[in-house]
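> Handing you a structure now.
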Amino acid sequence: MAFNKPNYSFKGLNIKDAYLRISNLEYLYNQKKIAYLISVYANKSISKSEEETRLEDYYVGIIDLPLGGSVPDILRMIYEDIRLKAQDAEAYPEIAEKFADCADVLEEDVPASPSYAELAAANQILMGGETA
C-alpha cells in the first residue's frame, strides 16, 4: 500500500503522480507505539530501486500498535489511520493538509486483511470492552 499525490512541488519542480510510501518503521518500546516515516519518490519504480532515491521525507508519525503484529498488517493499519485522519481536518489539520488529495495505491502482492476498524473492534473485545 502507498499513496499517490497528483501534484507535488519539490524545490520548484512540479512532479506529477508522486509516490508516497512508508520508508522506515521503528518500535518505541517504552511507549508501546510505532514511529513511521513516509517518504516521497518521483514514481513507484524509483521507490523500489536499491539506491537512495527518495526526494525527501514527507511525514513522520506515531501510532499506537502492540508488538507482535506482522509487518503487512502494521503497514495497512498505518495507511488506514492516515486515511481516516485525513478526512477530519479539524482534529488533524496537518494530516488533512498533507494527505487530502492523495489516492491509494494498492500493491498486488499484499494479502487481504481486515480493515483498521475491524482490527480495532477485535482489539477492544480482547481487552474486555464492548463494541458499539
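Chain labels A, B, ... are given in the sequence in which chains occur in the C-alpha cells; within each chain residues are numbered consecutively from 1, and ligands are likewise numbered from 1 in the order shown.
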Given only C-alpha atoms, how would the per-residue table for stretch 11-31 of chain A near stretch 46-49 of chain A read, listing every residue at most 12 Å away with its closest atom pair and distance in Å to one decimal, sorted by chain and number, as a tab-separated table?


```
residue	atom	partner	partner_atom	distance
A:Ala18	CA	A:Ser47	CA	10.1
A:Tyr19	CA	A:Ser47	CA	7.6
A:Leu20	CA	A:Ser47	CA	8.7
A:Arg21	CA	A:Ser47	CA	8.2
A:Ile22	CA	A:Ser47	CA	10.2
A:Ser23	CA	A:Ser47	CA	9.1
```

> Residues as selected, N, CA and C atoms, written as an mmCIF file, in the first residue's frame, can you do that?


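The file below, out_30.cif, is the result:
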```cif
data_model
loop_
_atom_site.group_PDB
_atom_site.id
_atom_site.type_symbol
_atom_site.label_atom_id
_atom_site.label_comp_id
_atom_site.auth_asym_id
_atom_site.auth_seq_id
_atom_site.Cartn_x
_atom_site.Cartn_y
_atom_site.Cartn_z
ATOM 1 N N ALA A 18 3.428 11.838 -7.798
ATOM 2 C CA ALA A 18 4.488 11.439 -6.864
ATOM 3 C C ALA A 18 4.005 10.232 -6.054
ATOM 4 N N TYR A 19 4.943 9.404 -5.658
ATOM 5 C CA TYR A 19 4.645 8.151 -4.951
ATOM 6 C C TYR A 19 5.094 8.305 -3.506
ATOM 7 N N LEU A 20 4.166 8.140 -2.569
ATOM 8 C CA LEU A 20 4.455 8.263 -1.143
ATOM 9 C C LEU A 20 4.310 6.896 -0.502
ATOM 10 N N ARG A 21 5.352 6.454 0.201
ATOM 11 C CA ARG A 21 5.259 5.171 0.889
ATOM 12 C C ARG A 21 6.048 5.225 2.185
ATOM 13 N N ILE A 22 5.746 4.287 3.057
ATOM 14 C CA ILE A 22 6.464 4.189 4.319
ATOM 15 C C ILE A 22 7.869 3.683 4.020
ATOM 16 N N SER A 23 8.860 4.454 4.449
ATOM 17 C CA SER A 23 10.238 4.065 4.177
ATOM 18 C C SER A 23 10.980 3.616 5.427
#
```

> Counting only C-alpha atoms, what is within 12 Å of stretch 37-45 of chain A, bar same-chain residues fewer than 3 positions away, as an MDAnalysis selection string?

chainID A and resid 1:10 13:26 34 48:63 75 78:79 82 95 98:99 105:107

> Write the residues you've just listed into a file as a compact mmCIF listing (two decimals), in the first residue's frame, and include N, CA and C atoms for each of them.


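Dumped everything to selection_34.txt:
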```
# COMPACT_ATOMS: atom_id res chain seq x y z
N MET A 1 0.84 -1.18 0.00
CA MET A 1 0.00 0.00 0.00
C MET A 1 0.89 1.24 0.00
N ALA A 2 0.39 2.25 -0.62
CA ALA A 2 1.10 3.52 -0.71
C ALA A 2 0.10 4.59 -1.10
N PHE A 3 0.59 5.81 -1.27
CA PHE A 3 -0.25 6.91 -1.73
C PHE A 3 0.33 7.49 -3.00
N ASN A 4 -0.55 8.05 -3.79
CA ASN A 4 -0.17 8.75 -5.00
C ASN A 4 -0.64 10.19 -4.81
N LYS A 5 0.27 11.14 -4.98
CA LYS A 5 -0.08 12.56 -4.86
C LYS A 5 -0.02 13.15 -6.26
N PRO A 6 -1.16 13.63 -6.78
CA PRO A 6 -1.24 14.05 -8.18
C PRO A 6 -0.27 15.17 -8.56
N ASN A 7 -0.06 16.13 -7.68
CA ASN A 7 0.86 17.24 -7.95
C ASN A 7 1.68 17.50 -6.70
N TYR A 8 2.99 17.38 -6.85
CA TYR A 8 3.88 17.58 -5.72
C TYR A 8 5.00 18.52 -6.15
N SER A 9 5.22 19.54 -5.36
CA SER A 9 6.27 20.51 -5.68
C SER A 9 7.52 20.17 -4.87
N PHE A 10 8.62 19.98 -5.58
CA PHE A 10 9.90 19.66 -4.94
C PHE A 10 10.96 20.61 -5.47
N LEU A 13 10.22 22.21 -8.70
CA LEU A 13 9.80 21.31 -9.78
C LEU A 13 8.43 20.73 -9.45
N ASN A 14 7.57 20.66 -10.45
CA ASN A 14 6.26 20.05 -10.25
C ASN A 14 6.33 18.59 -10.69
N ILE A 15 6.08 17.70 -9.74
CA ILE A 15 6.13 16.26 -10.04
C ILE A 15 4.71 15.74 -10.11
N LYS A 16 4.36 15.20 -11.24
CA LYS A 16 3.04 14.60 -11.44
C LYS A 16 3.05 13.18 -10.87
N ASP A 17 2.03 12.83 -10.14
CA ASP A 17 1.85 11.48 -9.60
C ASP A 17 3.04 11.01 -8.76
N ALA A 18 3.43 11.84 -7.80
CA ALA A 18 4.49 11.44 -6.86
C ALA A 18 4.01 10.23 -6.05
N TYR A 19 4.94 9.40 -5.66
CA TYR A 19 4.64 8.15 -4.95
C TYR A 19 5.09 8.30 -3.51
N LEU A 20 4.17 8.14 -2.57
CA LEU A 20 4.45 8.26 -1.14
C LEU A 20 4.31 6.90 -0.50
N ARG A 21 5.35 6.45 0.20
CA ARG A 21 5.26 5.17 0.89
C ARG A 21 6.05 5.23 2.18
N ILE A 22 5.75 4.29 3.06
CA ILE A 22 6.46 4.19 4.32
C ILE A 22 7.87 3.68 4.02
N SER A 23 8.86 4.45 4.45
CA SER A 23 10.24 4.07 4.18
C SER A 23 10.98 3.62 5.43
N ASN A 24 10.36 3.80 6.60
CA ASN A 24 11.02 3.38 7.83
C ASN A 24 9.98 3.16 8.93
N LEU A 25 10.17 2.09 9.70
CA LEU A 25 9.35 1.80 10.88
C LEU A 25 10.28 1.60 12.06
N GLU A 26 9.83 2.07 13.23
CA GLU A 26 10.62 1.85 14.44
C GLU A 26 9.66 1.62 15.60
N ILE A 34 4.51 2.67 17.45
CA ILE A 34 5.36 2.54 16.27
C ILE A 34 5.50 3.91 15.62
N LYS A 48 11.42 1.57 -5.60
CA LYS A 48 11.84 0.19 -5.38
C LYS A 48 13.31 -0.05 -5.73
N SER A 49 14.02 0.98 -6.19
CA SER A 49 15.42 0.79 -6.54
C SER A 49 16.26 0.65 -5.28
N GLU A 50 17.42 0.07 -5.42
CA GLU A 50 18.28 -0.19 -4.27
C GLU A 50 19.05 1.05 -3.83
N GLU A 51 19.16 2.03 -4.69
CA GLU A 51 19.87 3.26 -4.36
C GLU A 51 18.96 4.19 -3.57
N GLU A 52 19.54 5.11 -2.84
CA GLU A 52 18.77 6.11 -2.09
C GLU A 52 18.20 7.11 -3.09
N THR A 53 16.94 7.00 -3.39
CA THR A 53 16.34 7.84 -4.43
C THR A 53 15.13 8.64 -3.96
N ARG A 54 14.86 8.64 -2.67
CA ARG A 54 13.69 9.41 -2.24
C ARG A 54 13.99 10.90 -2.38
N LEU A 55 12.96 11.63 -2.70
CA LEU A 55 13.12 13.08 -2.85
C LEU A 55 13.29 13.74 -1.50
N GLU A 56 12.41 13.37 -0.57
CA GLU A 56 12.51 13.93 0.78
C GLU A 56 11.56 13.18 1.71
N ASP A 57 11.77 13.40 2.99
CA ASP A 57 10.86 12.87 3.99
C ASP A 57 9.61 13.74 3.97
N TYR A 58 8.44 13.09 3.93
CA TYR A 58 7.19 13.82 3.78
C TYR A 58 6.43 13.97 5.10
N TYR A 59 6.39 12.90 5.87
CA TYR A 59 5.61 12.93 7.10
C TYR A 59 6.18 11.92 8.08
N VAL A 60 6.29 12.33 9.34
CA VAL A 60 6.70 11.44 10.42
C VAL A 60 5.52 11.31 11.36
N GLY A 61 5.15 10.08 11.67
CA GLY A 61 4.01 9.86 12.55
C GLY A 61 4.27 8.78 13.57
N ILE A 62 3.40 8.73 14.56
CA ILE A 62 3.45 7.70 15.61
C ILE A 62 2.05 7.16 15.78
N ILE A 63 1.97 5.84 15.90
CA ILE A 63 0.67 5.19 16.05
C ILE A 63 0.75 4.17 17.17
N LEU A 75 1.64 -2.02 8.41
CA LEU A 75 1.60 -1.04 7.32
C LEU A 75 0.17 -0.69 6.94
N ILE A 78 -1.40 1.57 9.48
CA ILE A 78 -0.91 2.95 9.39
C ILE A 78 -1.61 3.68 8.25
N TYR A 79 -1.71 3.03 7.08
CA TYR A 79 -2.39 3.68 5.95
C TYR A 79 -3.86 3.94 6.26
N ILE A 82 -4.08 6.97 8.57
CA ILE A 82 -3.87 8.21 7.82
C ILE A 82 -5.11 8.56 7.01
N ILE A 95 -2.30 16.35 8.99
CA ILE A 95 -2.52 15.15 8.17
C ILE A 95 -3.50 15.46 7.04
N LYS A 98 -1.72 17.43 4.28
CA LYS A 98 -0.72 16.67 3.52
C LYS A 98 -1.32 15.53 2.68
N PHE A 99 -2.42 14.92 3.15
CA PHE A 99 -2.91 13.72 2.51
C PHE A 99 -4.30 13.83 1.89
N VAL A 105 -2.70 3.62 -3.50
CA VAL A 105 -2.06 2.75 -4.48
C VAL A 105 -1.98 1.39 -3.83
N LEU A 106 -2.72 0.44 -4.35
CA LEU A 106 -2.73 -0.89 -3.77
C LEU A 106 -1.67 -1.76 -4.43
N GLU A 107 -0.91 -2.44 -3.61
CA GLU A 107 0.12 -3.33 -4.12
C GLU A 107 -0.50 -4.70 -4.37
```

> Which value, in Å to one decimal, gives the distance between atom CA of A:Ala91 and atom CA of A:Gln31?

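Separation between atom CA of A:Ala91 and atom CA of A:Gln31: 22.3 Å.
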
> Pick the closest to A:Leu28 from A:Glu90, A:Asp64, A:Ala96, A:Val71: which is it, counting only C-alpha atoms?

A:Asp64

> Could you write out, as a PDB file with N, CA and C atoms, in the first residue's frame, all the residues of stretch 37-109 of chain A that DSSP marks as strand (DSSP E)?


```pdb
ATOM      1  N   LEU A  37       7.990   6.721   8.999  1.00  0.00           N
ATOM      2  CA  LEU A  37       8.384   7.801   8.112  1.00  0.00           C
ATOM      3  C   LEU A  37       7.805   7.536   6.735  1.00  0.00           C
ATOM      4  N   ILE A  38       7.101   8.515   6.196  1.00  0.00           N
ATOM      5  CA  ILE A  38       6.595   8.424   4.827  1.00  0.00           C
ATOM      6  C   ILE A  38       7.472   9.328   3.968  1.00  0.00           C
ATOM      7  N   SER A  39       8.025   8.756   2.922  1.00  0.00           N
ATOM      8  CA  SER A  39       8.911   9.490   2.023  1.00  0.00           C
ATOM      9  C   SER A  39       8.263   9.663   0.658  1.00  0.00           C
ATOM     10  N   VAL A  40       8.748  10.655  -0.078  1.00  0.00           N
ATOM     11  CA  VAL A  40       8.245  10.954  -1.418  1.00  0.00           C
ATOM     12  C   VAL A  40       9.262  10.477  -2.446  1.00  0.00           C
ATOM     13  N   TYR A  41       8.738   9.825  -3.484  1.00  0.00           N
ATOM     14  CA  TYR A  41       9.552   9.361  -4.611  1.00  0.00           C
ATOM     15  C   TYR A  41       8.927   9.910  -5.888  1.00  0.00           C
ATOM     16  N   GLU A  56      12.412  13.371  -0.565  1.00  0.00           N
ATOM     17  CA  GLU A  56      12.510  13.928   0.777  1.00  0.00           C
ATOM     18  C   GLU A  56      11.565  13.184   1.713  1.00  0.00           C
ATOM     19  N   ASP A  57      11.770  13.404   2.990  1.00  0.00           N
ATOM     20  CA  ASP A  57      10.855  12.867   3.991  1.00  0.00           C
ATOM     21  C   ASP A  57       9.607  13.741   3.974  1.00  0.00           C
ATOM     22  N   TYR A  58       8.444  13.089   3.929  1.00  0.00           N
ATOM     23  CA  TYR A  58       7.187  13.825   3.778  1.00  0.00           C
ATOM     24  C   TYR A  58       6.435  13.972   5.097  1.00  0.00           C
ATOM     25  N   TYR A  59       6.393  12.903   5.865  1.00  0.00           N
ATOM     26  CA  TYR A  59       5.613  12.929   7.099  1.00  0.00           C
ATOM     27  C   TYR A  59       6.180  11.915   8.084  1.00  0.00           C
ATOM     28  N   VAL A  60       6.291  12.331   9.338  1.00  0.00           N
ATOM     29  CA  VAL A  60       6.704  11.436  10.416  1.00  0.00           C
ATOM     30  C   VAL A  60       5.522  11.313  11.361  1.00  0.00           C
ATOM     31  N   GLY A  61       5.147  10.079  11.674  1.00  0.00           N
ATOM     32  CA  GLY A  61       4.006   9.862  12.551  1.00  0.00           C
ATOM     33  C   GLY A  61       4.272   8.782  13.570  1.00  0.00           C
ATOM     34  N   ILE A  62       3.400   8.730  14.560  1.00  0.00           N
ATOM     35  CA  ILE A  62       3.454   7.701  15.610  1.00  0.00           C
ATOM     36  C   ILE A  62       2.051   7.156  15.779  1.00  0.00           C
ATOM     37  N   ILE A  63       1.968   5.842  15.897  1.00  0.00           N
ATOM     38  CA  ILE A  63       0.669   5.190  16.054  1.00  0.00           C
ATOM     39  C   ILE A  63       0.754   4.172  17.175  1.00  0.00           C
ATOM     40  N   ASP A  64      -0.331   4.037  17.936  1.00  0.00           N
ATOM     41  CA  ASP A  64      -0.404   3.038  18.994  1.00  0.00           C
ATOM     42  C   ASP A  64      -0.641   1.678  18.378  1.00  0.00           C
ATOM     43  N   ALA A 103      -4.337   9.665  -3.354  1.00  0.00           N
ATOM     44  CA  ALA A 103      -5.133   8.482  -3.700  1.00  0.00           C
ATOM     45  C   ALA A 103      -4.364   7.243  -3.272  1.00  0.00           C
ATOM     46  N   ASP A 104      -5.082   6.186  -2.961  1.00  0.00           N
ATOM     47  CA  ASP A 104      -4.459   4.922  -2.559  1.00  0.00           C
ATOM     48  C   ASP A 104      -3.826   4.235  -3.754  1.00  0.00           C
ATOM     49  N   VAL A 105      -2.703   3.617  -3.501  1.00  0.00           N
ATOM     50  CA  VAL A 105      -2.057   2.752  -4.483  1.00  0.00           C
ATOM     51  C   VAL A 105      -1.977   1.388  -3.828  1.00  0.00           C
TER      52      VAL A 105
END
```

> Could you tell me how far atom CA of A:Gln87 sits from atom CA of A:Leu65, in Å to one decimal place?

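So the answer is 21.1 Å.
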
> How far is it from atom CA of A:Tyr27 to atom CA of A:Ala89, in Å with one decimal?

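Taking atom CA of A:Tyr27 and atom CA of A:Ala89, their separation equals 27.2 Å.
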